[in-house]
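Have a look at the structure below, then the notes.
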Amino acid sequence: MTFDDDVAHGRLTFGQNEPGHGRGHYTHGHEAPVLAAHSRRTATNSAAYLLDHLYPGMNLLDVGFGPGTLTLDLAEKVAPGTVVGIENSQAPFATARANAAKRGNVTTRFEFADVLDLPYPEDSFDVVHAHQVLQHVSDPVRALREMARVCRPGGWVAARDADYGAMSWYPDIPAVAEWRDVYRVIAMGNGGEPDAGRHMRAWANAAGLRNARITVTTWCYADAESCAWWGESQAQRVESETFRREARDVGLDKDDVARLARGWREWAKSQDAFFLIPHTEILAHP
């Protein structure tokens, strides 16, 4: 039996813990391997579609700041404008603040807030940005509406999300394919949509965003150094307590998890390794 067979026939079920229901739950968690990987995100490699629309003095809200590297890059683009980053978990705050201190940034604020109920008045920001957030929330249309509400007329609502179902790779390591199946089931059980990319235009339309510009860019790993990093990064995420706990909730044991991690390391060692992640981007006025 394959993992998909087990899901289809109801042999894998989700735990009934609170995070998997209601407002959604951040599937990756905030453990060291995740924060380390997310720290490689920059304005150039993760928000290029937005950069031409930024200028000094803008006020910007960054939804889901993680380790803060992308937020701080955006802050440099709009300085001396005000930048606020928000998270709905306390876990990444220390890392983000440490990264701000390393850069000498004493003005960017990191605050606790929920994108489904933003604690800011209407028209508070010139730009409201979210990177890899909508795939994790239980109501992405409501999230976009809230982002638009706090964005001034003529400002920019910007969001970018991956599409797990559209990822492609070579060589065809069975354990990597199984990892994707497992991840997608976990993410959906947590109230998210791992294939967010293909839904972005529909979500933007449903949220009432005007004349949304839809673009697609990719992350591509196709050289020895980047493949070695990506494969090891994913293996460490699989081995993290967060993934192991959630994998147990859908019926995997420690041997299954170990097999998935080995698959990632096997993929990374191939001289032909290739991995492509497509991302869909929304850029719209509220």
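Letters for chains follow the order of the structure tokens (A, B, ...), residue numbers begin at 1 for each chain, and ligand numbers begin at 1 in the order shown.
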
- Tell me which protein, DNA and RNA residues are within 12 Å of A:Glu146, counting only C-alpha atoms, leaving out same-chain ones fewer than 4 positions away, and put them as an MDAnalysis selection string. chainID A and resid 61 63 113:125 128:130 139:142 150:152 157 204 207:209 286

- Item | Residues flagged strand (DSSP E) by DSSP in stretch 38-252 of chain A, as a PyMOL selection string | chain A and resi 60-63+83-87+109-112+125-131+151-162+168-170+210-221

Near stretch 168-178 of chain A, counting only C-alpha atoms, which residues have an atom at most 12 Å away, once you skip same-chain residues fewer than 4 positions from it, shown as a compact mmCIF listing (two decimals) with N, CA and C atoms, in the first residue's frame?
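The resulting file, part_4.txt, is reproduced below:
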```txt
# COMPACT_ATOMS: atom_id res chain seq x y z
N THR A 2 0.49 2.28 -0.77
CA THR A 2 1.21 3.54 -0.77
C THR A 2 0.59 4.48 0.25
N PHE A 3 1.28 5.58 0.50
CA PHE A 3 0.75 6.59 1.41
C PHE A 3 -0.58 7.12 0.89
N ASP A 4 -0.66 7.40 -0.43
CA ASP A 4 -1.91 7.90 -0.99
C ASP A 4 -3.04 6.89 -0.82
N ASP A 5 -2.74 5.59 -0.96
CA ASP A 5 -3.77 4.58 -0.75
C ASP A 5 -4.31 4.64 0.68
N ASP A 163 3.63 26.31 -4.62
CA ASP A 163 2.64 25.29 -4.98
C ASP A 163 3.33 23.94 -4.88
N TYR A 164 3.06 23.20 -3.79
CA TYR A 164 3.74 21.93 -3.55
C TYR A 164 3.40 20.91 -4.63
N VAL A 182 3.17 13.14 2.22
CA VAL A 182 2.99 13.27 3.66
C VAL A 182 2.80 14.73 4.03
N TYR A 183 3.67 15.59 3.51
CA TYR A 183 3.59 17.00 3.86
C TYR A 183 2.24 17.59 3.47
N ARG A 184 1.75 17.28 2.27
CA ARG A 184 0.50 17.85 1.80
C ARG A 184 -0.67 17.41 2.68
N VAL A 185 -0.66 16.15 3.10
CA VAL A 185 -1.72 15.67 3.98
C VAL A 185 -1.65 16.37 5.33
N THR A 218 10.35 31.29 -9.78
CA THR A 218 10.73 29.98 -9.23
C THR A 218 11.97 30.09 -8.36
N TRP A 219 12.11 29.10 -7.49
CA TRP A 219 13.39 28.77 -6.88
C TRP A 219 13.86 27.50 -7.56
N CYS A 220 15.09 27.49 -8.01
CA CYS A 220 15.63 26.32 -8.71
C CYS A 220 16.97 25.94 -8.11
N TYR A 221 17.10 24.68 -7.73
CA TYR A 221 18.35 24.14 -7.21
C TYR A 221 18.90 23.18 -8.26
N ALA A 222 20.03 23.57 -8.86
CA ALA A 222 20.55 22.77 -9.98
C ALA A 222 22.06 22.84 -10.07
N CYS A 227 22.10 22.16 -4.23
CA CYS A 227 21.40 20.89 -4.01
C CYS A 227 21.82 20.25 -2.70
N TRP A 230 19.99 22.29 -0.02
CA TRP A 230 18.54 22.06 -0.01
C TRP A 230 18.21 20.67 0.51
N GLY A 231 18.93 19.67 0.04
CA GLY A 231 18.66 18.31 0.49
C GLY A 231 18.90 18.13 1.97
N GLN A 234 16.19 19.99 4.02
CA GLN A 234 14.93 19.26 4.08
C GLN A 234 15.04 18.02 4.95
N ALA A 235 16.18 17.35 4.90
CA ALA A 235 16.38 16.17 5.76
C ALA A 235 16.30 16.57 7.23
N VAL A 238 12.73 17.17 8.23
CA VAL A 238 12.04 15.90 8.42
C VAL A 238 12.39 15.30 9.79
N ALA A 247 3.99 13.75 11.68
CA ALA A 247 4.00 12.51 10.90
C ALA A 247 3.36 11.37 11.70
N LEU A 252 2.74 7.61 10.48
CA LEU A 252 4.13 7.22 10.21
C LEU A 252 4.85 6.96 11.52
N ASP A 256 9.74 5.25 9.28
CA ASP A 256 9.24 5.94 8.10
C ASP A 256 9.89 7.32 7.96
N VAL A 257 9.97 8.04 9.07
CA VAL A 257 10.57 9.37 9.06
C VAL A 257 12.04 9.28 8.67
N ALA A 258 12.74 8.29 9.21
CA ALA A 258 14.16 8.11 8.86
C ALA A 258 14.33 7.82 7.38
N ARG A 259 13.40 7.07 6.80
CA ARG A 259 13.47 6.76 5.37
C ARG A 259 13.31 8.03 4.53
N LEU A 260 12.40 8.92 4.95
CA LEU A 260 12.21 10.17 4.22
C LEU A 260 13.47 11.03 4.27
N ALA A 261 14.09 11.11 5.44
CA ALA A 261 15.31 11.91 5.57
C ALA A 261 16.43 11.32 4.71
N ARG A 262 16.55 9.99 4.69
CA ARG A 262 17.57 9.35 3.85
C ARG A 262 17.31 9.66 2.38
N GLY A 263 16.04 9.69 2.00
CA GLY A 263 15.70 9.99 0.61
C GLY A 263 16.18 11.37 0.20
N TRP A 264 16.00 12.35 1.07
CA TRP A 264 16.48 13.69 0.76
C TRP A 264 18.00 13.71 0.61
N ARG A 265 18.70 12.99 1.48
CA ARG A 265 20.16 13.00 1.39
C ARG A 265 20.64 12.22 0.17
N GLU A 266 19.91 11.19 -0.20
CA GLU A 266 20.24 10.47 -1.43
C GLU A 266 20.07 11.38 -2.64
N TRP A 267 18.96 12.12 -2.68
CA TRP A 267 18.73 13.05 -3.78
C TRP A 267 19.87 14.08 -3.86
N ALA A 268 20.26 14.64 -2.72
CA ALA A 268 21.26 15.71 -2.68
C ALA A 268 22.61 15.25 -3.21
N LYS A 269 22.91 13.97 -3.10
CA LYS A 269 24.22 13.46 -3.52
C LYS A 269 24.30 13.17 -5.02
N SER A 270 23.17 13.18 -5.69
CA SER A 270 23.18 12.87 -7.12
C SER A 270 23.82 14.01 -7.90
N GLN A 271 24.70 13.66 -8.83
CA GLN A 271 25.33 14.69 -9.66
C GLN A 271 24.33 15.31 -10.64
N ASP A 272 23.17 14.68 -10.78
CA ASP A 272 22.13 15.18 -11.68
C ASP A 272 20.99 15.87 -10.92
N ALA A 273 21.15 16.09 -9.63
CA ALA A 273 20.05 16.60 -8.82
C ALA A 273 19.50 17.93 -9.35
N PHE A 274 18.17 18.03 -9.32
CA PHE A 274 17.46 19.22 -9.80
C PHE A 274 16.18 19.32 -8.99
N PHE A 275 15.85 20.54 -8.54
CA PHE A 275 14.60 20.74 -7.81
C PHE A 275 14.04 22.10 -8.18
N LEU A 276 12.76 22.13 -8.54
CA LEU A 276 12.10 23.35 -8.98
C LEU A 276 10.87 23.62 -8.12
N ILE A 277 10.78 24.84 -7.59
CA ILE A 277 9.63 25.25 -6.79
C ILE A 277 8.99 26.47 -7.44
N PRO A 278 7.79 26.34 -8.01
CA PRO A 278 7.11 27.50 -8.58
C PRO A 278 6.37 28.30 -7.51
```

- Message: Which residues are close to stretch 96-100 of chain A, i.e. within 9 Å by only C-alpha atoms, leaving aside same-chain residues fewer than 2 positions away? Reply as a ChimeraX atom specification.
- Response: /A:65-69,71-72,92-94,102-110

Based on the selection just made, write C-alpha atoms of those residues as a PDB file, in the first residue's frame.
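Here's the written file result.pdb:
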```pdb
ATOM      1  CA  PHE A  65       8.362  37.753   9.451  1.00  0.00           C
ATOM      2  CA  GLY A  66      10.018  34.471  10.504  1.00  0.00           C
ATOM      3  CA  PRO A  67      13.733  35.050  11.131  1.00  0.00           C
ATOM      4  CA  GLY A  68      13.322  38.633   9.883  1.00  0.00           C
ATOM      5  CA  THR A  69      15.819  38.649   7.009  1.00  0.00           C
ATOM      6  CA  THR A  71      11.505  41.983   6.560  1.00  0.00           C
ATOM      7  CA  LEU A  72      14.788  43.763   7.245  1.00  0.00           C
ATOM      8  CA  PRO A  92      10.711  33.449  15.929  1.00  0.00           C
ATOM      9  CA  PHE A  93      10.825  36.786  17.779  1.00  0.00           C
ATOM     10  CA  ALA A  94      14.259  36.310  19.364  1.00  0.00           C
ATOM     11  CA  LYS A 102      23.242  42.609  13.724  1.00  0.00           C
ATOM     12  CA  ARG A 103      22.202  45.066  11.035  1.00  0.00           C
ATOM     13  CA  GLY A 104      21.937  47.987  13.421  1.00  0.00           C
ATOM     14  CA  ASN A 105      18.208  48.257  12.686  1.00  0.00           C
ATOM     15  CA  VAL A 106      16.521  49.781  15.723  1.00  0.00           C
ATOM     16  CA  THR A 107      13.342  51.027  14.039  1.00  0.00           C
ATOM     17  CA  THR A 108      11.656  47.917  12.600  1.00  0.00           C
ATOM     18  CA  ARG A 109       8.992  46.671  15.004  1.00  0.00           C
ATOM     19  CA  PHE A 110       8.163  42.994  15.490  1.00  0.00           C
TER      20      PHE A 110
END
```

- Item | Nearby residues (only C-alpha atoms) at most 12 Å from stretch 133-138 of chain A, same-chain spacing under 4 positions excluded, as a VMD selection string | chain A and resid 19 to 29 62 to 66 86 to 88 114 to 117 129 142 to 145 147 158 to 164 184 186 to 200 203 to 204 279 to 282

- Correct to one decimal, the distance atom CA of A:Arg213-atom CA of A:Leu283 is 5.1 Å

- Message: Just list as number ranges by chain whatever in stretch 63-257 of chain A DSSP marks as helix (DSSP H, G or I).
- Response: A: 69-78, 93-103, 115-117, 134-136, 140-149, 164-166, 174-189, 196-206, 224-239, 241-249, 254-257

Written selection (C-alpha atoms) as a tab-separated table (two decimals), in the first residue's frame:
```tsv
chain	number	residue	atom	x	y	z
A	69	THR	CA	15.82	38.65	7.01
A	70	LEU	CA	13.26	39.44	4.32
A	71	THR	CA	11.50	41.98	6.56
A	72	LEU	CA	14.79	43.76	7.25
A	73	ASP	CA	15.67	43.81	3.55
A	74	LEU	CA	12.34	45.47	2.81
A	75	ALA	CA	12.98	47.94	5.64
A	76	GLU	CA	16.18	49.01	3.91
A	77	LYS	CA	14.23	49.65	0.71
A	78	VAL	CA	11.66	51.94	2.37
A	93	PHE	CA	10.83	36.79	17.78
A	94	ALA	CA	14.26	36.31	19.36
A	95	THR	CA	15.86	35.34	16.05
A	96	ALA	CA	14.29	38.26	14.19
A	97	ARG	CA	15.34	40.76	16.83
A	98	ALA	CA	18.88	39.34	16.89
A	99	ASN	CA	19.09	39.71	13.11
A	100	ALA	CA	17.86	43.30	13.38
A	101	ALA	CA	20.52	44.03	16.00
A	102	LYS	CA	23.24	42.61	13.72
A	103	ARG	CA	22.20	45.07	11.03
A	115	VAL	CA	-3.47	38.24	9.75
A	116	LEU	CA	-7.11	37.15	10.02
A	117	ASP	CA	-7.79	39.95	12.51
A	134	LEU	CA	-1.51	32.27	2.68
A	135	GLN	CA	-0.80	28.55	2.28
A	136	HIS	CA	-0.85	28.18	6.08
A	140	PRO	CA	-6.71	33.03	2.81
A	141	VAL	CA	-9.48	35.18	1.31
A	142	ARG	CA	-10.17	36.73	4.70
A	143	ALA	CA	-6.44	37.24	5.15
A	144	LEU	CA	-6.22	39.15	1.86
A	145	ARG	CA	-9.26	41.22	2.80
A	146	GLU	CA	-7.62	42.16	6.09
A	147	MET	CA	-4.38	43.00	4.28
A	148	ALA	CA	-6.36	45.23	1.90
A	149	ARG	CA	-8.28	46.87	4.75
A	164	TYR	CA	3.74	21.93	-3.55
A	165	GLY	CA	1.76	19.92	-6.08
A	166	ALA	CA	3.61	21.64	-8.93
A	174	PRO	CA	10.57	7.51	-4.10
A	175	ALA	CA	11.12	8.82	-0.58
A	176	VAL	CA	11.06	12.42	-1.81
A	177	ALA	CA	7.75	11.82	-3.54
A	178	GLU	CA	6.45	10.21	-0.35
A	179	TRP	CA	7.66	13.22	1.65
A	180	ARG	CA	5.56	15.51	-0.53
A	181	ASP	CA	2.51	13.29	-0.10
A	182	VAL	CA	2.99	13.27	3.66
A	183	TYR	CA	3.59	17.00	3.86
A	184	ARG	CA	0.50	17.85	1.80
A	185	VAL	CA	-1.72	15.67	3.98
A	186	ILE	CA	-0.28	17.21	7.17
A	187	ALA	CA	-0.65	20.75	5.85
A	188	MET	CA	-4.26	20.23	4.81
A	189	GLY	CA	-4.98	18.65	8.19
A	196	ALA	CA	-1.59	27.70	-2.73
A	197	GLY	CA	0.09	28.94	-5.90
A	198	ARG	CA	-2.66	27.77	-8.25
A	199	HIS	CA	-5.35	29.36	-6.05
A	200	MET	CA	-3.82	32.83	-5.75
A	201	ARG	CA	-5.79	34.51	-8.54
A	202	ALA	CA	-9.07	33.04	-7.31
A	203	TRP	CA	-8.31	34.18	-3.76
A	204	ALA	CA	-7.43	37.69	-4.96
A	205	ASN	CA	-10.69	37.90	-6.92
A	206	ALA	CA	-12.73	36.61	-3.99
A	224	ALA	CA	26.17	20.85	-6.40
A	225	GLU	CA	26.29	23.48	-3.67
A	226	SER	CA	22.62	24.49	-3.70
A	227	CYS	CA	21.40	20.89	-4.01
A	228	ALA	CA	23.60	19.79	-1.10
A	229	TRP	CA	22.19	22.62	1.01
A	230	TRP	CA	18.54	22.06	-0.01
A	231	GLY	CA	18.66	18.31	0.49
A	232	GLU	CA	20.30	18.53	3.91
A	233	SER	CA	17.98	21.35	4.96
A	234	GLN	CA	14.93	19.26	4.08
A	235	ALA	CA	16.38	16.17	5.76
A	236	GLN	CA	16.87	18.15	8.97
A	237	ARG	CA	13.33	19.46	8.80
A	238	VAL	CA	12.04	15.90	8.42
A	239	GLU	CA	14.07	14.90	11.48
A	241	GLU	CA	10.44	17.19	16.46
A	242	THR	CA	7.67	19.19	14.75
A	243	PHE	CA	7.63	17.01	11.63
A	244	ARG	CA	8.08	13.76	13.56
A	245	ARG	CA	5.14	14.62	15.80
A	246	GLU	CA	2.89	15.55	12.89
A	247	ALA	CA	4.00	12.51	10.90
A	248	ARG	CA	2.98	10.32	13.83
A	249	ASP	CA	-0.46	11.92	13.70
A	254	LYS	CA	10.25	6.69	13.35
A	255	ASP	CA	11.49	4.29	10.68
A	256	ASP	CA	9.24	5.94	8.10
A	257	VAL	CA	10.57	9.37	9.06
```

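Put simply, atom CA of A:Gly155 is 13.9 Å away from atom CA of A:Pro56.
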
- Expressed in Å, the length from atom CA of A:Leu50 to atom CA of A:Thr82 is 17.0 Å
